[in-house]
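Asks: Data file model-v7.pdb (PDB, C-alpha atoms) is appended below.
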```
ATOM      1  CA  MET A   1      19.053 -17.016  68.936
ATOM      2  CA  ALA A   2      21.684 -14.796  70.551
ATOM      3  CA  THR A   3      24.180 -13.115  68.264
ATOM      4  CA  ALA A   4      27.776 -14.180  68.824
ATOM      5  CA  PRO A   5      30.092 -11.341  69.901
ATOM      6  CA  LEU A   6      32.113  -9.859  67.065
ATOM      7  CA  SER A   7      34.910  -8.680  69.324
ATOM      8  CA  GLN A   8      36.622  -9.822  72.478
ATOM      9  CA  PRO A   9      36.369  -7.743  75.667
ATOM     10  CA  ARG A  10      39.208  -5.301  76.173
ATOM     11  CA  GLU A  11      41.646  -5.696  79.027
ATOM     12  CA  PHE A  12      42.040  -2.741  81.356
ATOM     13  CA  PRO A  13      45.047  -1.842  83.526
ATOM     14  CA  THR A  14      45.340  -3.481  86.932
ATOM     15  CA  SER A  15      48.005  -0.989  88.032
ATOM     16  CA  GLY A  16      49.262   2.471  87.182
ATOM     17  CA  PHE A  17      46.323   4.351  88.708
ATOM     18  CA  VAL A  18      46.077   6.559  91.774
ATOM     19  CA  VAL A  19      44.775   4.670  94.812
ATOM     20  CA  LEU A  20      42.759   6.962  97.059
ATOM     21  CA  ASP A  21      42.513   6.991 100.839
ATOM     22  CA  SER A  22      40.003   4.286 101.768
ATOM     23  CA  SER A  23      39.011   6.124 104.971
ATOM     24  CA  LYS A  24      37.598   9.152 103.108
ATOM     25  CA  ASP A  25      34.201   9.175 101.395
ATOM     26  CA  PHE A  26      34.387   9.474  97.629
ATOM     27  CA  GLU A  27      31.918   9.939  94.746
ATOM     28  CA  GLU A  28      28.569   8.242  95.572
ATOM     29  CA  GLU A  29      29.731   7.667  99.157
ATOM     30  CA  THR A  30      29.422  11.418  99.760
ATOM     31  CA  LEU A  31      25.679  11.425  99.054
ATOM     32  CA  PRO A  32      23.303  11.835 102.032
ATOM     33  CA  GLY A  33      21.990   8.486 103.187
ATOM     34  CA  TYR A  34      24.488   6.456 101.147
ATOM     35  CA  LEU A  35      24.429   2.724 101.830
ATOM     36  CA  LYS A  36      26.831   0.496  99.937
ATOM     37  CA  GLU A  37      24.275  -2.331  99.995
ATOM     38  CA  ARG A  38      22.065  -0.330  97.639
ATOM     39  CA  TYR A  39      24.700   0.040  94.890
ATOM     40  CA  TYR A  40      25.856  -2.651  92.519
ATOM     41  CA  PRO A  41      29.711  -2.868  92.606
ATOM     42  CA  VAL A  42      30.439  -2.196  88.918
ATOM     43  CA  HIS A  43      34.050  -2.590  87.839
ATOM     44  CA  ILE A  44      35.658  -1.224  84.697
ATOM     45  CA  GLY A  45      36.026  -4.006  82.148
ATOM     46  CA  GLU A  46      32.979  -5.886  83.430
ATOM     47  CA  VAL A  47      30.692  -7.327  80.752
ATOM     48  CA  PHE A  48      26.935  -7.192  81.305
ATOM     49  CA  ARG A  49      24.530  -9.529  79.550
ATOM     50  CA  SER A  50      27.473 -11.103  77.681
ATOM     51  CA  ARG A  51      27.382  -7.990  75.519
ATOM     52  CA  TYR A  52      27.974  -4.593  77.140
ATOM     53  CA  GLN A  53      31.512  -3.972  78.411
ATOM     54  CA  VAL A  54      32.064  -1.118  80.863
ATOM     55  CA  MET A  55      34.720   1.350  79.663
ATOM     56  CA  THR A  56      34.706   4.238  82.154
ATOM     57  CA  LYS A  57      32.523   5.966  84.721
ATOM     58  CA  LEU A  58      30.373   8.900  83.609
ATOM     59  CA  GLY A  59      28.558   9.826  86.799
ATOM     60  CA  PHE A  60      26.584   8.866  89.880
ATOM     61  CA  GLY A  61      23.512   9.869  91.838
ATOM     62  CA  SER A  62      21.269   8.783  94.657
ATOM     63  CA  SER A  63      19.492   6.245  92.451
ATOM     64  CA  SER A  64      22.184   4.954  90.063
ATOM     65  CA  THR A  65      25.680   5.000  88.661
ATOM     66  CA  VAL A  66      26.283   5.734  84.968
ATOM     67  CA  TRP A  67      28.958   4.227  82.712
ATOM     68  CA  LEU A  68      30.250   4.409  79.161
ATOM     69  CA  CYS A  69      30.136   0.935  77.670
ATOM     70  CA  GLN A  70      30.711  -0.749  74.328
ATOM     71  CA  ASP A  71      28.434  -3.222  72.606
ATOM     72  CA  LEU A  72      30.654  -6.208  71.830
ATOM     73  CA  HIS A  73      28.233  -7.269  69.085
ATOM     74  CA  ASP A  74      28.718  -4.224  66.888
ATOM     75  CA  GLY A  75      31.335  -2.008  68.556
ATOM     76  CA  GLN A  76      28.856   0.793  69.229
ATOM     77  CA  PHE A  77      29.402   2.993  72.279
ATOM     78  CA  LEU A  78      26.430   3.209  74.628
ATOM     79  CA  VAL A  79      25.561   4.419  78.103
ATOM     80  CA  LEU A  80      24.738   2.007  80.914
ATOM     81  CA  LYS A  81      22.768   3.130  83.970
ATOM     82  CA  VAL A  82      22.862   0.685  86.891
ATOM     83  CA  HIS A  83      20.106   1.449  89.379
ATOM     84  CA  VAL A  84      20.330   0.928  93.096
ATOM     85  CA  HIS A  85      18.740  -2.185  94.523
ATOM     86  CA  THR A  86      14.985  -2.031  94.033
ATOM     87  CA  VAL A  87      12.055  -4.352  93.522
ATOM     88  CA  ARG A  88      10.475  -2.232  90.774
ATOM     89  CA  GLN A  89      11.383  -1.841  87.137
ATOM     90  CA  PRO A  90      12.180   1.817  86.362
ATOM     91  CA  SER A  91       9.067   3.508  84.957
ATOM     92  CA  GLU A  92      11.035   4.993  82.052
ATOM     93  CA  VAL A  93      11.261   1.498  80.553
ATOM     94  CA  GLN A  94       7.468   1.349  80.363
ATOM     95  CA  ILE A  95       7.309   4.909  78.985
ATOM     96  CA  SER A  96       9.950   4.175  76.332
ATOM     97  CA  ASN A  97       8.163   1.001  75.267
ATOM     98  CA  HIS A  98       4.950   2.986  74.941
ATOM     99  CA  LEU A  99       6.679   5.638  72.803
ATOM    100  CA  LYS A 100       8.225   3.006  70.533
ATOM    101  CA  THR A 101       4.748   1.763  69.661
ATOM    102  CA  ALA A 102       3.512   5.258  68.779
ATOM    103  CA  HIS A 103       3.245   6.015  65.068
ATOM    104  CA  ASN A 104       3.646   9.776  65.145
ATOM    105  CA  ALA A 105       7.420  10.073  65.524
ATOM    106  CA  ARG A 106       8.484  10.921  61.933
ATOM    107  CA  GLY A 107      12.111  11.050  63.037
ATOM    108  CA  VAL A 108      11.646  13.489  65.918
ATOM    109  CA  GLU A 109      12.050  10.710  68.494
ATOM    110  CA  ARG A 110      15.796  11.368  68.240
ATOM    111  CA  TYR A 111      15.225  14.473  70.384
ATOM    112  CA  VAL A 112      14.073  12.300  73.311
ATOM    113  CA  ARG A 113      16.462   9.922  75.032
ATOM    114  CA  LEU A 114      14.686   6.579  74.897
ATOM    115  CA  VAL A 115      15.661   3.287  76.508
ATOM    116  CA  LEU A 116      17.414   1.010  73.985
ATOM    117  CA  ASP A 117      17.629  -2.065  76.199
ATOM    118  CA  SER A 118      16.888  -3.018  79.792
ATOM    119  CA  PHE A 119      17.727  -5.987  81.968
ATOM    120  CA  GLU A 120      18.454  -6.980  85.550
ATOM    121  CA  VAL A 121      21.668  -8.037  87.242
ATOM    122  CA  SER A 122      22.069  -9.820  90.564
ATOM    123  CA  GLY A 123      24.358  -8.149  93.074
ATOM    124  CA  PRO A 124      25.611  -9.096  96.526
ATOM    125  CA  TYR A 125      22.549  -7.575  98.190
ATOM    126  CA  GLY A 126      19.782  -7.961  95.626
ATOM    127  CA  THR A 127      18.687  -7.293  92.076
ATOM    128  CA  HIS A 128      19.497  -4.145  90.122
ATOM    129  CA  SER A 129      17.722  -2.786  87.057
ATOM    130  CA  CYS A 130      20.000  -1.734  84.216
ATOM    131  CA  ILE A 131      19.198   0.542  81.282
ATOM    132  CA  ILE A 132      21.047   1.145  78.008
ATOM    133  CA  TYR A 133      20.866   4.509  76.191
ATOM    134  CA  GLU A 134      22.428   6.299  73.256
ATOM    135  CA  PRO A 135      25.379   8.404  74.466
ATOM    136  CA  ALA A 136      24.854  12.126  74.977
ATOM    137  CA  GLY A 137      27.006  15.036  76.048
ATOM    138  CA  ILE A 138      26.927  17.231  79.130
ATOM    139  CA  ASP A 139      23.700  18.868  80.232
ATOM    140  CA  ILE A 140      22.918  22.396  79.154
ATOM    141  CA  ARG A 141      23.226  23.636  82.738
ATOM    142  CA  ASP A 142      26.923  22.670  82.701
ATOM    143  CA  TYR A 143      27.355  23.911  79.134
ATOM    144  CA  ILE A 144      26.443  27.496  80.019
ATOM    145  CA  HIS A 145      29.392  27.621  82.420
ATOM    146  CA  TYR A 146      31.659  27.461  79.355
ATOM    147  CA  LEU A 147      30.046  30.657  78.055
ATOM    148  CA  GLU A 148      30.769  34.249  78.894
ATOM    149  CA  GLY A 149      28.240  35.423  81.453
ATOM    150  CA  ASP A 150      27.141  31.885  82.380
ATOM    151  CA  ALA A 151      24.074  32.177  80.139
ATOM    152  CA  LEU A 152      22.903  31.323  76.637
ATOM    153  CA  THR A 153      22.744  34.111  74.110
ATOM    154  CA  GLU A 154      19.465  34.632  72.297
ATOM    155  CA  GLU A 155      21.055  33.087  69.186
ATOM    156  CA  LEU A 156      21.774  29.882  71.145
ATOM    157  CA  LEU A 157      18.605  29.875  73.224
ATOM    158  CA  ARG A 158      16.149  30.022  70.311
ATOM    159  CA  PRO A 159      17.264  26.810  68.531
ATOM    160  CA  ALA A 160      17.721  24.963  71.832
ATOM    161  CA  LEU A 161      14.135  25.718  72.835
ATOM    162  CA  ARG A 162      12.891  24.805  69.371
ATOM    163  CA  PHE A 163      14.360  21.318  69.622
ATOM    164  CA  ILE A 164      12.992  20.787  73.146
ATOM    165  CA  LEU A 165       9.551  21.949  72.030
ATOM    166  CA  ILE A 166       9.754  19.426  69.181
ATOM    167  CA  ALA A 167      10.559  16.753  71.776
ATOM    168  CA  LEU A 168       7.642  17.823  73.983
ATOM    169  CA  THR A 169       5.257  17.872  71.033
ATOM    170  CA  TYR A 170       6.268  14.282  70.278
ATOM    171  CA  LEU A 171       5.722  13.257  73.916
ATOM    172  CA  HIS A 172       2.403  15.038  74.274
ATOM    173  CA  GLN A 173       1.031  13.674  70.997
ATOM    174  CA  SER A 174       2.003  10.233  72.313
ATOM    175  CA  GLN A 175       0.074  10.882  75.534
ATOM    176  CA  VAL A 176       3.200  11.233  77.686
ATOM    177  CA  ILE A 177       3.859  14.038  80.187
ATOM    178  CA  HIS A 178       7.540  14.507  81.036
ATOM    179  CA  THR A 179       6.953  16.339  84.388
ATOM    180  CA  ASP A 180      10.670  17.073  84.935
ATOM    181  CA  VAL A 181      11.741  19.543  82.248
ATOM    182  CA  GLN A 182      14.733  21.459  83.620
ATOM    183  CA  PRO A 183      18.243  22.385  82.405
ATOM    184  CA  ASN A 184      20.000  19.303  83.771
ATOM    185  CA  ASN A 185      17.631  17.077  81.754
ATOM    186  CA  ILE A 186      18.548  18.769  78.465
ATOM    187  CA  LEU A 187      21.693  17.142  77.080
ATOM    188  CA  LEU A 188      23.963  18.123  74.226
ATOM    189  CA  GLY A 189      24.034  15.682  71.336
ATOM    190  CA  ILE A 190      27.216  14.035  70.061
ATOM    191  CA  GLU A 191      27.791  14.424  66.332
ATOM    192  CA  ASP A 192      31.324  13.016  66.317
ATOM    193  CA  LYS A 193      31.388   9.679  68.188
ATOM    194  CA  ALA A 194      35.194   9.658  67.994
ATOM    195  CA  VAL A 195      35.161  11.487  71.321
ATOM    196  CA  LEU A 196      33.846   8.285  72.937
ATOM    197  CA  ALA A 197      36.668   6.208  71.486
ATOM    198  CA  TYR A 198      39.052   8.803  72.902
ATOM    199  CA  MET A 199      37.516   8.338  76.376
ATOM    200  CA  GLU A 200      37.958   4.577  76.066
ATOM    201  CA  GLU A 201      41.613   4.926  75.121
ATOM    202  CA  ASP A 202      42.173   7.452  77.892
ATOM    203  CA  GLU A 203      40.943   4.887  80.421
ATOM    204  CA  ILE A 204      43.606   2.503  79.098
ATOM    205  CA  THR A 205      46.523   4.960  79.066
ATOM    206  CA  ASN A 206      45.435   7.115  82.004
ATOM    207  CA  PRO A 207      43.248   4.940  84.252
ATOM    208  CA  ALA A 208      40.882   6.741  86.587
ATOM    209  CA  PRO A 209      41.813   7.220  90.252
ATOM    210  CA  ARG A 210      39.926   4.847  92.496
ATOM    211  CA  LYS A 211      39.246   3.770  96.033
ATOM    212  CA  LEU A 212      39.885   0.067  96.614
ATOM    213  CA  LEU A 213      37.677  -1.640  99.193
ATOM    214  CA  ASP A 214      37.241  -5.283 100.160
ATOM    215  CA  ASP A 215      33.952  -5.732  98.296
ATOM    216  CA  ARG A 216      34.023  -3.014  95.620
ATOM    217  CA  THR A 217      35.979  -0.316  93.840
ATOM    218  CA  ILE A 218      34.781   3.295  93.799
ATOM    219  CA  TYR A 219      35.986   4.939  90.571
ATOM    220  CA  ALA A 220      36.433   8.621  89.825
ATOM    221  CA  THR A 221      34.038  10.004  87.218
ATOM    222  CA  ARG A 222      35.651  10.826  83.883
ATOM    223  CA  ALA A 223      34.454  14.171  82.557
ATOM    224  CA  MET A 224      32.587  14.131  79.262
ATOM    225  CA  PRO A 225      34.338  16.421  76.752
ATOM    226  CA  LEU A 226      32.378  19.289  75.246
ATOM    227  CA  THR A 227      30.493  18.028  72.189
ATOM    228  CA  ASN A 228      28.520  19.444  69.281
ATOM    229  CA  GLY A 229      25.046  18.204  68.492
ATOM    230  CA  GLU A 230      21.362  19.007  68.677
ATOM    231  CA  PRO A 231      20.003  19.003  72.240
ATOM    232  CA  ILE A 232      18.110  16.002  73.594
ATOM    233  CA  LEU A 233      15.410  15.869  76.269
ATOM    234  CA  ALA A 234      16.449  13.177  78.746
ATOM    235  CA  ASP A 235      15.252  11.385  81.878
ATOM    236  CA  LEU A 236      11.789   9.887  81.515
ATOM    237  CA  GLY A 237      12.047   8.528  85.046
ATOM    238  CA  GLU A 238       9.269  10.815  86.312
ATOM    239  CA  ALA A 239       7.170  10.778  83.121
ATOM    240  CA  ARG A 240       3.490   9.855  83.239
ATOM    241  CA  LEU A 241       1.126   8.330  80.723
ATOM    242  CA  ALA A 242      -1.687  10.833  80.203
ATOM    243  CA  GLU A 243      -4.338   8.193  79.600
ATOM    244  CA  GLU A 244      -5.938   8.860  82.999
ATOM    245  CA  ARG A 245      -6.479  11.759  85.406
ATOM    246  CA  GLN A 246      -3.228  13.114  86.811
ATOM    247  CA  THR A 247      -2.840  14.215  90.420
ATOM    248  CA  GLY A 248      -0.075  14.326  92.986
ATOM    249  CA  LEU A 249       3.204  16.091  93.618
ATOM    250  CA  ILE A 250       5.575  16.414  90.653
ATOM    251  CA  MET A 251       8.295  18.763  89.392
ATOM    252  CA  PRO A 252      11.265  20.260  91.280
ATOM    253  CA  ASP A 253      10.300  23.017  93.721
ATOM    254  CA  VAL A 254      11.882  25.803  91.700
ATOM    255  CA  TYR A 255       9.935  24.901  88.526
ATOM    256  CA  ARG A 256       6.671  23.648  90.053
ATOM    257  CA  ALA A 257       3.479  24.682  88.281
ATOM    258  CA  PRO A 258       0.724  26.449  90.274
ATOM    259  CA  GLU A 259      -1.882  23.740  89.626
ATOM    260  CA  VAL A 260       0.472  21.207  91.235
ATOM    261  CA  MET A 261       1.086  23.489  94.217
ATOM    262  CA  LEU A 262      -2.682  23.828  94.670
ATOM    263  CA  ASP A 263      -3.235  20.047  94.534
ATOM    264  CA  MET A 264      -5.348  20.263  91.379
ATOM    265  CA  GLU A 265      -5.567  17.775  88.570
ATOM    266  CA  TRP A 266      -2.878  18.593  86.017
ATOM    267  CA  ASP A 267      -2.010  17.745  82.434
ATOM    268  CA  ASN A 268       0.752  18.298  79.885
ATOM    269  CA  LYS A 269       0.595  22.070  80.391
ATOM    270  CA  VAL A 270       2.928  21.577  83.359
ATOM    271  CA  ASP A 271       5.693  20.828  80.838
ATOM    272  CA  ILE A 272       5.047  24.152  79.088
ATOM    273  CA  TRP A 273       5.244  25.977  82.413
ATOM    274  CA  ALA A 274       8.551  24.236  83.105
ATOM    275  CA  ILE A 275      10.112  25.033  79.741
ATOM    276  CA  GLY A 276       9.183  28.674  80.180
ATOM    277  CA  GLN A 277      11.037  28.780  83.484
ATOM    278  CA  THR A 278      13.908  26.769  82.009
ATOM    279  CA  ALA A 279      14.272  29.383  79.261
ATOM    280  CA  TRP A 280      14.513  32.102  81.909
ATOM    281  CA  THR A 281      17.163  30.153  83.834
ATOM    282  CA  LEU A 282      19.314  29.664  80.732
ATOM    283  CA  PHE A 283      18.990  33.250  79.509
ATOM    284  CA  GLU A 284      18.920  35.279  82.732
ATOM    285  CA  GLN A 285      21.541  33.526  84.916
ATOM    286  CA  GLY A 286      19.031  32.628  87.609
ATOM    287  CA  HIS A 287      15.543  31.455  88.425
ATOM    288  CA  LEU A 288      12.377  33.367  87.629
ATOM    289  CA  PHE A 289      11.161  33.057  91.215
ATOM    290  CA  ARG A 290      13.426  33.792  94.167
ATOM    291  CA  SER A 291      11.645  31.488  96.628
ATOM    292  CA  GLN A 292      13.172  28.158  95.675
ATOM    293  CA  ASN A 293      11.845  25.914  98.463
ATOM    294  CA  LEU A 294       8.175  25.058  98.871
ATOM    295  CA  ASP A 295       8.300  22.971 102.038
ATOM    296  CA  THR A 296       6.109  25.279 104.163
ATOM    297  CA  GLN A 297       2.829  27.104 103.622
ATOM    298  CA  SER A 298       4.577  30.459 104.069
ATOM    299  CA  SER A 299       7.133  29.613 101.368
ATOM    300  CA  GLN A 300       4.299  28.605  99.042
ATOM    301  CA  ALA A 301       2.535  31.896  99.806
ATOM    302  CA  ARG A 302       5.714  33.786  98.860
ATOM    303  CA  ARG A 303       5.856  31.888  95.573
ATOM    304  CA  PHE A 304       2.242  32.747  94.751
ATOM    305  CA  ALA A 305       2.956  36.385  95.607
ATOM    306  CA  GLU A 306       5.844  36.365  93.153
ATOM    307  CA  MET A 307       3.646  34.785  90.474
ATOM    308  CA  VAL A 308       0.969  37.444  90.946
ATOM    309  CA  SER A 309       3.507  40.286  90.894
ATOM    310  CA  LEU A 310       4.936  39.056  87.586
ATOM    311  CA  LEU A 311       1.898  37.583  85.844
ATOM    312  CA  GLY A 312      -1.076  39.248  87.471
ATOM    313  CA  PRO A 313      -3.855  37.514  89.460
ATOM    314  CA  PRO A 314      -4.932  34.065  88.263
ATOM    315  CA  PRO A 315      -8.381  33.634  86.672
ATOM    316  CA  VAL A 316     -11.211  33.012  89.135
ATOM    317  CA  GLU A 317     -12.214  29.831  87.278
ATOM    318  CA  PHE A 318      -8.684  28.517  87.842
ATOM    319  CA  LEU A 319      -8.837  29.144  91.590
ATOM    320  CA  ARG A 320     -12.248  27.447  91.841
ATOM    321  CA  ARG A 321     -10.619  24.168  90.859
ATOM    322  CA  SER A 322      -8.912  23.901  94.257
ATOM    323  CA  LYS A 323      -9.966  24.387  97.862
ATOM    324  CA  GLN A 324      -6.272  24.895  98.621
ATOM    325  CA  SER A 325      -6.436  28.295  96.909
ATOM    326  CA  LEU A 326      -8.499  29.616  99.840
ATOM    327  CA  LYS A 327      -5.379  29.392 102.021
ATOM    328  CA  PHE A 328      -3.606  32.006  99.940
TER     329      PHE A 328
END
```
Would you encode the structure as structure tokens?
Replies:
Amino acid sequence: MATAPLSQPREFPTSGFVVLDSSKDFEEETLPGYLKERYYPVHIGEVFRSRYQVMTKLGFGSSSTVWLCQDLHDGQFLVLKVHVHTVRQPSEVQISNHLKTAHNARGVERYVRLVLDSFEVSGPYGTHSCIIYEPAGIDIRDYIHYLEGDALTEELLRPALRFILIALTYLHQSQVIHTDVQPNNILLGIEDKAVLAYMEEDEITNPAPRKLLDDRTIYATRAMPLTNGEPILADLGEARLAEERQTGLIMPDVYRAPEVMLDMEWDNKVDIWAIGQTAWTLFEQGHLFRSQNLDTQSSQARRFAEMVSLLGPPPVEFLRRSKQSLKF
């Protein structure tokens, strides 16, 4: 039986905000290949599933928009991700459900951002998958821009890596490979949730600028204030269950492991490779390898040359695992 709401939805201003030029692209409209038909037209104040009321916009991307919402059943602040129109359920729902059935967490699951709830909503052009998460702060990539030198000190880097390694240990022991460990998927925690109530009130007293169109409103993203809290490993959207042989292209170009580049079978060691490079990025103000794109054979050859110059030649038994290695 559904639980009756404990609070009524809040009313949000219908005036008093800046109306932007409707002829100029804004927010998600500026993304390459944007099509309005793919995005669900969320509006601030909307209630999803008779439970989650949208408070303000937190961000957008090519596959979703992200919103701060409040659970009308218990008043808790949460994050709502509304995916673009698709026929498939996001894989992170399956991964999160798998992790929730694992019995090796011992409290460390709090260092991985799991799906709390998922559902679908019908839009003007199709069905959209929606996901609910615990709120988190800005990603560590943005956080370092607040610091002198745009880099973490050793005193900050050590505990951050420790928490992410705890998260990866939990995933790997649960037979999950993240495959996308990078700075923008490491989020600051939020110890004091009062900051979220402040964002809600700010949307009431200082409503976000917006672009008003016939069939939707495009809202400006409200910046997440800087928060304190232990870091969290987020985004299981590319994660894989390690219960079978793993092959195929994964990982961003700049962090891609050599076994993936050589079209070998791979396992959870790719996450360790990625966290090593992530540590370098956060500590050294740049990437370990200068060749950031791997879209041609020559660019891949340059990357392998950089690897050899820094790490020495790979073991012969490693190279024998792939015919692709003969090209380089």
Asks: Determine the residue set returned by the PyMOL selection byres ((chain A and resi 114) around 8) for the present structure, and present it as JSON, numbers by chain.
Replies: {"A": [96, 112, 113, 115, 116, 133, 134, 234, 236]}
Asks: Could you work out an axis-aligned box for segment 223-228 of chain A, taking every atom the file lists and adding 3 Å on each side, and report centre and edge lengths in Å to one decimal, as AutoDock Vina command-line options?
Replies:
```
--center_x 31.5 --center_y 16.8 --center_z 75.9 --size_x 11.9 --size_y 11.3 --size_z 19.3
```
Asks: Give me the segment 212-286 of chain A side of the contact with segment 50-61 of chain A, cut-off 7 Å, one line per residue showing its nearest atom pair and distance in Å at one decimal, counting only C-alpha atoms, sorted by chain and residue number, as CSV.
Replies:
```
residue,atom,partner,partner_atom,distance
A:Tyr219,CA,A:Lys57,CA,6.9
A:Ala220,CA,A:Lys57,CA,7.0
A:Thr221,CA,A:Lys57,CA,5.0
A:Arg222,CA,A:Leu58,CA,5.6
A:Ala223,CA,A:Leu58,CA,6.7
```
Asks: Just give me the gap between atom CA of Pro159 of chain A and atom CA of Lys193 of chain A in Å, one decimal is fine.
Replies: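 Between atom CA of Pro159 of chain A and atom CA of Lys193 of chain A the gap is 22.2 Å.
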Asks: Hey, what comes out of the PyMOL selection byres ((chain A and resi 291) around 10) on this file? Could you write it as a list of chain:residue names?
Replies: A:Asp253, A:Val254, A:His287, A:Leu288, A:Phe289, A:Arg290, A:Gln292, A:Asn293, A:Leu294, A:Ser299, A:Gln300, A:Ala301, A:Arg302, A:Arg303, A:Phe304, A:Glu306
Asks: Apply the PyMOL selection byres ((chain A and resi 262) around 7) to the file shown and report the selected residues as a list in words.
Replies: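 Here the PyMOL selection byres ((chain A and resi 262) around 7) matches Pro258, Glu259, Val260, Met261, Asp263, Met264, Ser322, Gln324 and Ser325 of chain A.
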